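K.L.:
The following file, target_31.cif, comprises mmCIF, C-alpha atoms:
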```cif
data_final
#
loop_
_atom_site.label_atom_id
_atom_site.label_comp_id
_atom_site.auth_asym_id
_atom_site.auth_seq_id
_atom_site.Cartn_x
_atom_site.Cartn_y
_atom_site.Cartn_z
CA MET Y 34 -4.85 -12.21 -20.25
CA ALA Y 35 -2.80 -9.78 -22.27
CA ARG Y 36 -0.50 -7.40 -20.44
CA ARG Y 37 -1.40 -3.83 -19.70
CA SER Y 38 1.44 -1.45 -20.52
CA GLN Y 39 2.45 1.18 -18.02
CA THR Y 40 2.33 4.45 -19.94
CA ARG Y 41 2.09 6.88 -17.04
CA MET Y 42 5.26 8.90 -16.53
CA PRO Y 43 6.81 8.16 -13.11
CA GLN Y 44 6.94 11.07 -10.70
CA PRO Y 45 10.00 12.34 -8.80
CA LEU Y 46 10.17 11.01 -5.27
CA LYS Y 47 11.05 14.29 -3.59
CA GLY Y 48 7.35 14.70 -2.77
CA PHE Y 49 7.18 11.41 -0.84
CA ARG Y 50 6.01 12.26 2.69
CA GLY Y 51 5.63 8.89 4.38
CA THR Y 52 8.08 6.30 5.67
CA LEU Y 53 9.69 3.88 3.23
CA VAL Y 54 11.22 0.68 4.59
CA LEU Y 55 13.68 -1.30 2.47
CA VAL Y 56 14.24 -4.87 3.62
CA GLY Y 57 17.47 -6.11 2.08
CA ALA Y 58 20.00 -3.75 0.49
CA GLY Y 59 22.01 -6.17 -1.60
CA ARG Y 60 22.60 -5.79 -5.32
CA MET Y 61 18.99 -5.18 -6.37
CA GLY Y 62 17.78 -3.49 -3.21
CA GLY Y 63 20.84 -1.25 -3.24
CA ALA Y 64 20.22 -0.33 -6.88
CA LEU Y 65 16.67 0.70 -6.04
CA LEU Y 66 17.84 2.78 -3.07
CA THR Y 67 20.42 4.55 -5.22
CA GLY Y 68 17.74 5.30 -7.80
CA TRP Y 69 15.29 6.60 -5.20
CA LEU Y 70 17.81 9.02 -3.76
CA ALA Y 71 18.84 10.16 -7.24
CA ARG Y 72 15.17 10.93 -7.98
CA GLY Y 73 14.86 13.17 -4.94
CA LEU Y 74 13.75 10.89 -2.11
CA ASP Y 75 14.69 12.41 1.25
CA PRO Y 76 17.00 9.89 3.05
CA LYS Y 77 15.29 10.85 6.30
CA ARG Y 78 12.19 9.12 4.96
CA VAL Y 79 14.01 5.79 4.52
CA VAL Y 80 14.52 2.95 6.98
CA VAL Y 81 16.81 0.11 5.82
CA LEU Y 82 16.90 -3.33 7.40
CA GLU Y 83 20.13 -5.00 6.25
CA PRO Y 84 22.16 -7.43 8.42
CA GLN Y 85 25.39 -6.83 6.50
CA PRO Y 86 25.45 -3.13 5.55
CA GLY Y 87 28.35 -1.90 3.42
CA ALA Y 88 30.31 1.30 3.91
CA ALA Y 89 28.18 3.25 1.39
CA LEU Y 90 24.98 2.32 3.20
CA LYS Y 91 26.45 3.22 6.58
CA ALA Y 92 27.56 6.58 5.19
CA LEU Y 93 23.95 7.44 4.29
CA ARG Y 94 23.17 7.66 8.00
CA ARG Y 95 24.91 11.04 7.95
CA ARG Y 96 22.16 12.20 5.57
CA GLY Y 97 19.43 10.99 7.90
CA LEU Y 98 18.78 7.45 6.65
CA VAL Y 99 17.82 5.09 9.49
CA LEU Y 100 19.73 1.81 9.45
CA ASN Y 101 18.65 -1.25 11.43
CA PRO Y 102 16.67 0.54 14.15
CA LYS Y 103 16.00 -1.30 17.39
CA ARG Y 104 12.32 -0.48 17.03
CA PRO Y 105 11.17 -0.56 13.38
CA PRO Y 106 8.45 1.94 12.50
CA GLN Y 107 4.77 1.01 12.44
CA ALA Y 108 2.08 1.71 9.85
CA VAL Y 109 4.67 2.59 7.19
CA THR Y 110 3.67 3.99 3.81
CA ALA Y 111 5.67 1.50 1.73
CA LEU Y 112 7.63 -1.65 2.50
CA VAL Y 113 9.94 -2.97 -0.22
CA ILE Y 114 11.15 -6.55 0.23
CA ALA Y 115 14.41 -7.30 -1.55
CA VAL Y 116 15.74 -10.28 0.39
CA LYS Y 117 16.63 -13.63 -1.14
CA PRO Y 118 13.54 -15.82 -1.63
CA GLN Y 119 15.14 -18.57 0.43
CA VAL Y 120 14.80 -16.50 3.63
CA ALA Y 121 11.31 -15.17 2.85
CA ALA Y 122 9.41 -17.56 5.10
CA GLU Y 123 11.34 -16.50 8.20
CA THR Y 124 11.50 -12.82 7.25
CA LEU Y 125 7.88 -12.00 6.40
CA PRO Y 126 6.34 -12.55 9.86
CA THR Y 127 8.86 -10.13 11.41
CA LEU Y 128 7.61 -7.37 9.09
CA SER Y 129 3.94 -7.62 10.04
CA PRO Y 130 4.08 -5.06 12.91
CA MET Y 131 4.99 -2.35 10.36
CA LEU Y 132 1.86 -2.86 8.30
CA ALA Y 133 -1.44 -1.05 7.99
CA PRO Y 134 -4.16 -1.90 5.47
CA SER Y 135 -3.01 1.03 3.32
CA THR Y 136 0.68 0.05 3.39
CA LEU Y 137 2.15 -0.79 -0.01
CA VAL Y 138 4.12 -4.02 0.24
CA LEU Y 139 6.29 -4.31 -2.86
CA SER Y 140 8.17 -7.60 -3.24
CA ILE Y 141 10.93 -8.17 -5.78
CA MET Y 142 11.64 -11.71 -4.55
CA ALA Y 143 11.80 -14.12 -7.46
CA GLY Y 144 9.19 -16.87 -7.44
CA ARG Y 145 7.31 -15.70 -4.35
CA THR Y 146 3.64 -15.34 -5.20
CA LEU Y 147 1.06 -12.87 -3.94
CA ALA Y 148 -0.60 -15.71 -2.02
CA PHE Y 149 2.72 -16.53 -0.36
CA LEU Y 150 3.16 -12.89 0.66
CA ALA Y 151 -0.37 -12.66 2.04
CA ALA Y 152 0.09 -15.80 4.12
CA GLY Y 153 3.50 -14.78 5.40
CA MET Y 154 2.61 -11.20 6.32
CA GLN Y 155 -0.28 -12.19 8.59
CA ARG Y 156 -1.76 -8.69 8.28
CA LYS Y 157 -3.72 -7.06 5.51
CA ALA Y 158 -1.78 -4.72 3.20
CA ALA Y 159 -1.67 -3.65 -0.46
CA LEU Y 160 0.47 -6.36 -2.05
CA VAL Y 161 2.42 -5.96 -5.30
CA ARG Y 162 4.82 -8.50 -6.75
CA ALA Y 163 7.49 -7.34 -9.20
CA MET Y 164 10.30 -8.82 -11.26
CA PRO Y 165 13.17 -6.43 -12.11
CA ASN Y 166 16.41 -7.38 -13.85
CA THR Y 167 20.08 -6.63 -13.27
CA PRO Y 168 20.42 -3.60 -15.61
CA ALA Y 169 18.52 -1.89 -12.80
CA ALA Y 170 21.99 -1.30 -11.35
CA ILE Y 171 22.51 1.43 -13.98
CA GLY Y 172 18.90 2.56 -14.22
CA ARG Y 173 18.35 0.67 -17.48
CA GLY Y 174 16.39 -2.30 -16.22
CA ILE Y 175 12.81 -3.27 -16.92
CA THR Y 176 10.40 -4.40 -14.24
CA VAL Y 177 7.06 -6.16 -14.59
CA ALA Y 178 4.57 -5.88 -11.71
CA VAL Y 179 1.28 -7.46 -10.73
CA ALA Y 180 -1.04 -6.27 -7.99
CA ALA Y 181 -3.22 -8.26 -5.64
CA THR Y 182 -6.96 -7.75 -5.65
CA GLY Y 183 -7.94 -4.60 -3.82
CA VAL Y 184 -4.75 -2.62 -4.37
CA GLY Y 185 -5.80 0.97 -4.94
CA SER Y 186 -4.71 3.41 -7.62
CA ARG Y 187 -2.62 5.38 -5.14
CA GLN Y 188 -0.57 2.34 -4.16
CA ARG Y 189 -0.18 1.34 -7.81
CA ARG Y 190 1.12 4.81 -8.67
CA LEU Y 191 3.56 4.68 -5.77
CA ALA Y 192 4.75 1.21 -6.84
CA THR Y 193 5.36 2.51 -10.37
CA ASP Y 194 7.30 5.50 -9.05
CA LEU Y 195 9.48 3.30 -6.83
CA LEU Y 196 10.17 0.72 -9.53
CA ALA Y 197 10.86 3.38 -12.18
CA ALA Y 198 14.04 4.27 -10.29
CA ALA Y 199 15.48 1.11 -11.86
CA GLY Y 200 14.18 1.66 -15.41
CA ALA Y 201 11.01 0.96 -17.40
CA VAL Y 202 7.90 -0.47 -15.72
CA GLU Y 203 5.13 -2.69 -17.13
CA TRP Y 204 2.07 -4.14 -15.40
CA VAL Y 205 0.22 -7.40 -15.99
CA ARG Y 206 -3.17 -8.47 -14.63
CA ASP Y 207 -2.50 -12.22 -14.66
CA GLU Y 208 0.09 -13.33 -12.10
CA ALA Y 209 0.64 -16.56 -14.05
CA LEU Y 210 2.50 -14.50 -16.65
CA MET Y 211 5.24 -13.73 -14.13
CA ASP Y 212 6.89 -17.10 -14.81
CA ALA Y 213 7.39 -16.16 -18.47
CA VAL Y 214 8.47 -12.66 -17.43
CA THR Y 215 11.12 -14.21 -15.19
CA ALA Y 216 12.38 -16.38 -18.04
CA VAL Y 217 12.48 -13.53 -20.59
CA SER Y 218 13.56 -10.35 -18.83
CA GLY Y 219 14.55 -11.58 -15.37
CA SER Y 220 17.01 -14.15 -16.74
CA GLY Y 221 17.45 -12.41 -20.10
CA PRO Y 222 20.62 -10.46 -19.23
CA ALA Y 223 22.41 -13.78 -18.68
CA TYR Y 224 21.46 -14.85 -22.22
CA VAL Y 225 22.94 -11.63 -23.61
CA PHE Y 226 26.15 -12.09 -21.61
CA LEU Y 227 26.41 -15.67 -22.86
CA LEU Y 228 25.97 -14.40 -26.43
CA THR Y 229 28.84 -11.99 -25.83
CA GLU Y 230 31.05 -14.77 -24.48
CA ALA Y 231 30.21 -17.08 -27.38
CA LEU Y 232 30.81 -14.34 -29.98
CA ALA Y 233 34.24 -13.63 -28.50
CA GLN Y 234 35.11 -17.33 -28.47
CA ALA Y 235 34.01 -17.64 -32.10
CA GLY Y 236 36.27 -14.71 -32.97
CA VAL Y 237 39.23 -16.44 -31.36
CA ALA Y 238 38.41 -19.63 -33.28
CA ALA Y 239 38.42 -17.53 -36.48
CA GLY Y 240 41.95 -16.34 -35.72
CA LEU Y 241 41.51 -13.10 -33.76
CA PRO Y 242 43.68 -12.38 -30.71
CA GLU Y 243 41.75 -13.13 -27.52
CA LYS Y 244 41.70 -9.56 -26.18
CA LEU Y 245 40.65 -8.11 -29.50
CA ALA Y 246 37.88 -10.69 -29.92
CA ALA Y 247 36.59 -9.93 -26.42
CA ARG Y 248 36.63 -6.17 -27.11
CA LEU Y 249 34.85 -6.56 -30.45
CA ALA Y 250 32.16 -8.79 -28.96
CA ARG Y 251 31.60 -6.59 -25.91
CA GLU Y 252 31.36 -3.32 -27.82
CA THR Y 253 29.22 -4.83 -30.56
CA VAL Y 254 26.65 -6.19 -28.12
CA ALA Y 255 26.66 -3.02 -26.02
CA GLY Y 256 26.42 -0.73 -29.05
CA SER Y 257 23.69 -2.79 -30.68
CA GLY Y 258 21.69 -2.71 -27.47
CA GLU Y 259 22.00 1.05 -27.27
CA LEU Y 260 20.98 1.41 -30.93
CA LEU Y 261 17.92 -0.76 -30.25
CA HIS Y 262 17.13 1.36 -27.18
CA ARG Y 263 17.29 4.65 -29.08
CA SER Y 264 15.73 3.54 -32.36
CA ARG Y 265 12.04 3.71 -33.15
CA GLU Y 266 12.44 0.66 -35.37
CA ASP Y 267 11.88 -2.84 -34.04
CA ALA Y 268 14.57 -5.49 -33.75
CA ALA Y 269 13.58 -7.27 -36.96
CA THR Y 270 13.86 -4.06 -39.00
CA LEU Y 271 17.24 -3.23 -37.51
CA ARG Y 272 18.40 -6.75 -38.35
CA HIS Y 273 17.25 -6.35 -41.95
CA ASN Y 274 19.08 -3.01 -42.14
CA VAL Y 275 22.38 -4.77 -41.40
CA THR Y 276 21.77 -7.65 -43.80
CA SER Y 277 22.69 -7.28 -47.47
CA PRO Y 278 21.30 -10.02 -49.75
CA GLY Y 279 24.01 -12.56 -50.45
CA GLY Y 280 26.44 -10.85 -48.09
CA THR Y 281 28.45 -11.98 -45.08
CA THR Y 282 25.73 -11.19 -42.55
CA ALA Y 283 23.16 -13.14 -44.58
CA ALA Y 284 25.48 -16.14 -44.65
CA ALA Y 285 25.95 -16.04 -40.87
CA LEU Y 286 22.24 -15.52 -40.17
CA ALA Y 287 21.37 -18.53 -42.33
CA VAL Y 288 23.18 -20.63 -39.72
CA LEU Y 289 21.72 -18.85 -36.69
CA MET Y 290 18.16 -18.92 -38.05
CA ALA Y 291 18.17 -22.54 -39.21
CA GLU Y 292 15.48 -24.89 -37.96
CA ASN Y 293 17.40 -25.76 -34.80
CA GLY Y 294 19.20 -22.43 -34.58
CA LEU Y 295 19.04 -19.50 -32.20
CA PRO Y 296 15.25 -18.82 -32.26
CA ALA Y 297 14.48 -22.45 -31.46
CA LEU Y 298 17.11 -22.56 -28.73
CA LEU Y 299 15.75 -19.41 -27.11
CA ARG Y 300 12.21 -20.75 -27.16
CA GLU Y 301 13.48 -23.89 -25.44
CA ALA Y 302 15.51 -21.84 -22.95
CA VAL Y 303 12.62 -19.55 -22.02
CA ASP Y 304 10.31 -22.54 -21.66
CA ALA Y 305 12.83 -24.18 -19.31
CA GLY Y 306 13.17 -21.00 -17.27
CA ALA Y 307 9.42 -20.49 -16.97
CA ARG Y 308 8.93 -24.12 -16.00
CA ARG Y 309 11.58 -23.81 -13.28
CA SER Y 310 9.97 -20.60 -12.03
CA ARG Y 311 6.66 -22.45 -11.61
CA GLU Y 312 8.43 -25.25 -9.75
CA LEU Y 313 10.12 -22.83 -7.34
CA ALA Y 314 6.82 -21.10 -6.65
CA GLY Y 315 5.34 -24.44 -5.66
#
```
Here is the file; what I need is its structure written in the form of structure tokens.

P.N.:
Amino acid sequence: MARRSQTRMPQPLKGFRGTLVLVGAGRMGGALLTGWLARGLDPKRVVVLEPQPGAALKALRRRGLVLNPKRPPQAVTALVIAVKPQVAAETLPTLSPMLAPSTLVLSIMAGRTLAFLAAGMQRKAALVRAMPNTPAAIGRGITVAVAATGVGSRQRRLATDLLAAAGAVEWVRDEALMDAVTAVSGSGPAYVFLLTEALAQAGVAAGLPEKLAARLARETVAGSGELLHRSREDAATLRHNVTSPGGTTAAALAVLMAENGLPALLREAVDAGARRSRELAG
């Protein structure tokens, strides 16, 4: 089934009146927490369960954030699970006492399905699975979410508001699409970083000093991404705008767009990533 775009504008979190529990405050969980606080969430509303808290997280206790309480709260408003998928099976049962049927459980664990969450939680709750990506660390990520049957509009709105702290948000109805989402946007930043590496290496091979080649590749990729972000034109139009007939860009693109060139390689790469995502989900 085709995706359903999320067009609703996310709301500031300063009006959040419940209790929000974050399980796992590593790179992605920490990025979400930073975004929530920047969007007005009262730290006194937040409970964080993190076995290895850093200095910045510990410092938030002075603002009222609760860190690793001896008695976790019950019937919380929202529970965000940001632990590694490898520890999910042992973690989920310990979270069940916090749940009520109206609790939003928002998981950003890669490859862990809604069915897996439901079985592991052992209590009824409003389950949402989401896949963010690493640009969330600077608020420029994109997250795709899917809700379990029975999740109400209020929980969906809250999930959107929480995820929007990391960037754009899209929803899909068909959970099977999450494997392709993982392969495109979840893993996609790594493809862009590899492109940057390869472009720099090609510059060195063409005779550029290594530091200059690295700077040119980095700034070109970053600047092009920002242009794409700000422009109303699509990627194909922007590419055509750079390409003069018979020019240097056209000559280079003829190589990249050959039958076994970059488009074919990316199709193969995304297919491999989606296939691996399905395997990990069991």

K.L.:
Can you build me a table of range 74-109 of chain Y residues sitting at most 9 Å from range 116-133 of chain Y, with the closest atom pair per residue and its distance in Å to one decimal, using only C-alpha atoms, sorted by chain and residue number, as JSON lines?

P.N.:
```
{"residue": "Y:Pro105", "atom": "CA", "partner": "Y:Met131", "partner_atom": "CA", "distance": 7.1}
{"residue": "Y:Pro106", "atom": "CA", "partner": "Y:Met131", "partner_atom": "CA", "distance": 5.9}
{"residue": "Y:Gln107", "atom": "CA", "partner": "Y:Met131", "partner_atom": "CA", "distance": 4.0}
{"residue": "Y:Ala108", "atom": "CA", "partner": "Y:Leu132", "partner_atom": "CA", "distance": 4.8}
{"residue": "Y:Val109", "atom": "CA", "partner": "Y:Met131", "partner_atom": "CA", "distance": 5.9}
```

K.L.:
Would you mind listing what lies within 9 Å of Ala307 in chain Y as a ChimeraX atom specification, with only C-alpha atoms counted and same-chain residues fewer than 6 positions away left out?

P.N.:
/Y:211-217

K.L.:
Write out, as a compact mmCIF listing (two decimals), in the coordinates of the input, the residues just selected, with C-alpha atoms.

P.N.:
```
# COMPACT_ATOMS: atom_id res chain seq x y z
CA MET Y 211 5.24 -13.73 -14.13
CA ASP Y 212 6.89 -17.10 -14.81
CA ALA Y 213 7.39 -16.16 -18.47
CA VAL Y 214 8.47 -12.66 -17.43
CA THR Y 215 11.12 -14.21 -15.19
CA ALA Y 216 12.38 -16.38 -18.04
CA VAL Y 217 12.48 -13.53 -20.59
```

K.L.:
Expand the PyMOL selection byres ((chain Y and resi 55-62) around 6) into the explicit residue set it covers here, and present it as a PyMOL selection string.

P.N.:
chain Y and resi 54+63-65+81-83+113-116

K.L.:
Hey, can you pull every residue with an atom no more than 7 Å from (14.4, -6.8, -15.5), using all atoms listed in the file, and send it as a ChimeraX atom specification?

P.N.:
/Y:164-169,174-176,218-219

K.L.:
Pick out the closest residue to Ala111 in chain Y from this set: Y:Val225, Y:Leu90, Y:Leu195, Y:Ala170. Count only C-alpha atoms.

P.N.:
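That would be Y:Leu195, the residue with the smallest distance to Ala111 in chain Y.
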
K.L.:
So what does the PyMOL selection byres ((chain Y and resi 193) around 10) actually pick up in this one, as a PyMOL selection string?

P.N.:
chain Y and resi 39+41-44+176-178+187-192+194-198+201-204

K.L.:
Can you tell me, as a VMD selection string, what residues are no more than 9 Å from Glu208 in chain Y when counting only C-alpha atoms, ignoring any on the same chain fewer than 3 positions away?

P.N.:
chain Y and resid 146 to 147 162 178 to 181 205 211 to 212

K.L.:
With C-alpha atoms retained, write the just-selected residues as an mmCIF file, in the coordinates of the input.

P.N.:
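Once everything was written out, this is out_11.cif:
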```cif
data_model
loop_
_atom_site.group_PDB
_atom_site.id
_atom_site.type_symbol
_atom_site.label_atom_id
_atom_site.label_comp_id
_atom_site.auth_asym_id
_atom_site.auth_seq_id
_atom_site.Cartn_x
_atom_site.Cartn_y
_atom_site.Cartn_z
ATOM 1 C CA THR Y 146 3.640 -15.340 -5.200
ATOM 2 C CA LEU Y 147 1.060 -12.870 -3.940
ATOM 3 C CA ARG Y 162 4.820 -8.500 -6.750
ATOM 4 C CA ALA Y 178 4.570 -5.880 -11.710
ATOM 5 C CA VAL Y 179 1.280 -7.460 -10.730
ATOM 6 C CA ALA Y 180 -1.040 -6.270 -7.990
ATOM 7 C CA ALA Y 181 -3.220 -8.260 -5.640
ATOM 8 C CA VAL Y 205 0.220 -7.400 -15.990
ATOM 9 C CA MET Y 211 5.240 -13.730 -14.130
ATOM 10 C CA ASP Y 212 6.890 -17.100 -14.810
#
```

K.L.:
Tell me which residues the PyMOL selection byres ((chain Y and resi 138) around 7) grabs here, as a list in words.

P.N.:
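This file, filtered by the PyMOL selection byres ((chain Y and resi 138) around 7), leaves Ala111, Leu112, Val113, Thr136, Leu137, Leu139, Ser140, Ala158, Ala159, Leu160 and Val161 of chain Y.
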
K.L.:
My list of candidates is Y:Asp207, Y:Glu230, Y:Asp267, Y:Gly97. Which is closest to Glu243 in chain Y when distances are computed with all atoms listed in the file?

P.N.:
Y:Glu230

K.L.:
What does the structure give for the distance between CA of Asp304 in chain Y and CA of Met290 in chain Y, in Å to one decimal?

P.N.:
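Between these atoms lies a distance of 18.5 Å.
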
K.L.:
What's the separation between CA of Gln234 in chain Y and CA of Leu299 in chain Y, in Å to one decimal place?

P.N.:
19.5 Å

K.L.:
Give the answer as one residue: which of Y:Leu53, Y:Leu241, Y:Ala148, Y:Val184 has the shortest atom-to-atom distance to Pro134 in chain Y, using only C-alpha atoms?

P.N.:
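Closest to Pro134 in chain Y, using only C-alpha atoms: Y:Val184.
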
K.L.:
What is the distance between CA of Gly221 in chain Y and CA of Ala233 in chain Y, in Å to one decimal?

P.N.:
18.8 Å

K.L.:
Looking at all atoms listed in the file, which of Y:Leu245, Y:Ala199, Y:Leu261, Y:Ala287 is the one that sits closest to Gly68 in chain Y?

P.N.:
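Among the listed residues, the smallest separation from Gly68 in chain Y belongs to Y:Ala199.
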
K.L.:
Pull the neighbourhood of (18.4, -7.2, -36.7) for me: all residues within 12 Å in file coordinates, counting only C-alpha atoms, as a ChimeraX atom specification.

P.N.:
/Y:254,257-258,260-261,264,266-277,282-283,286,290

K.L.:
Using all atoms listed in the file, which residue out of Y:Lys77, Y:Leu66, Y:Glu312, Y:Ser220 lies closest to Arg95 in chain Y?

P.N.:
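Looking only at the distances to Arg95 in chain Y, the closest residue turns out to be Y:Lys77.
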
K.L.:
Can you patch up range 65-85 of chain Y, filling it in to N, CA and C atoms, and show the result as a compact mmCIF listing (two decimals), in the coordinates of the input?

P.N.:
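Saved result, rebuild_2.txt, follows:
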```txt
# COMPACT_ATOMS: atom_id res chain seq x y z
N LEU Y 65 17.91 -0.06 -6.21
CA LEU Y 65 16.67 0.70 -6.04
C LEU Y 65 16.89 1.90 -5.12
N LEU Y 66 17.58 1.69 -4.01
CA LEU Y 66 17.84 2.78 -3.07
C LEU Y 66 18.62 3.90 -3.74
N THR Y 67 19.64 3.54 -4.50
CA THR Y 67 20.42 4.55 -5.22
C THR Y 67 19.53 5.34 -6.17
N GLY Y 68 18.65 4.63 -6.88
CA GLY Y 68 17.74 5.30 -7.80
C GLY Y 68 16.76 6.20 -7.09
N TRP Y 69 16.24 5.77 -5.96
CA TRP Y 69 15.29 6.60 -5.20
C TRP Y 69 15.93 7.91 -4.77
N LEU Y 70 17.13 7.81 -4.24
CA LEU Y 70 17.81 9.02 -3.76
C LEU Y 70 18.15 9.94 -4.92
N ALA Y 71 18.53 9.34 -6.07
CA ALA Y 71 18.84 10.16 -7.24
C ALA Y 71 17.60 10.89 -7.76
N ARG Y 72 16.42 10.32 -7.52
CA ARG Y 72 15.17 10.93 -7.98
C ARG Y 72 14.52 11.81 -6.91
N GLY Y 73 15.30 12.15 -5.88
CA GLY Y 73 14.86 13.17 -4.94
C GLY Y 73 14.30 12.69 -3.63
N LEU Y 74 14.29 11.38 -3.37
CA LEU Y 74 13.75 10.89 -2.11
C LEU Y 74 14.62 11.37 -0.95
N ASP Y 75 13.99 11.94 0.07
CA ASP Y 75 14.69 12.41 1.25
C ASP Y 75 15.18 11.20 2.05
N PRO Y 76 16.51 11.05 2.28
CA PRO Y 76 17.00 9.89 3.05
C PRO Y 76 16.38 9.78 4.43
N LYS Y 77 15.91 10.89 4.98
CA LYS Y 77 15.29 10.85 6.30
C LYS Y 77 13.96 10.09 6.29
N ARG Y 78 13.44 9.86 5.08
CA ARG Y 78 12.19 9.12 4.96
C ARG Y 78 12.42 7.61 4.84
N VAL Y 79 13.68 7.18 4.84
CA VAL Y 79 14.01 5.79 4.52
C VAL Y 79 14.54 5.07 5.75
N VAL Y 80 14.02 3.88 5.97
CA VAL Y 80 14.52 2.95 6.98
C VAL Y 80 15.01 1.71 6.24
N VAL Y 81 16.25 1.29 6.48
CA VAL Y 81 16.81 0.11 5.82
C VAL Y 81 17.10 -0.96 6.85
N LEU Y 82 16.61 -2.16 6.57
CA LEU Y 82 16.90 -3.33 7.40
C LEU Y 82 17.84 -4.23 6.59
N GLU Y 83 19.10 -4.25 6.99
CA GLU Y 83 20.13 -5.00 6.25
C GLU Y 83 21.16 -5.52 7.25
N PRO Y 84 21.25 -6.86 7.41
CA PRO Y 84 22.16 -7.43 8.42
C PRO Y 84 23.64 -7.23 8.12
N GLN Y 85 23.98 -7.01 6.87
CA GLN Y 85 25.39 -6.83 6.50
C GLN Y 85 25.56 -5.55 5.68
```
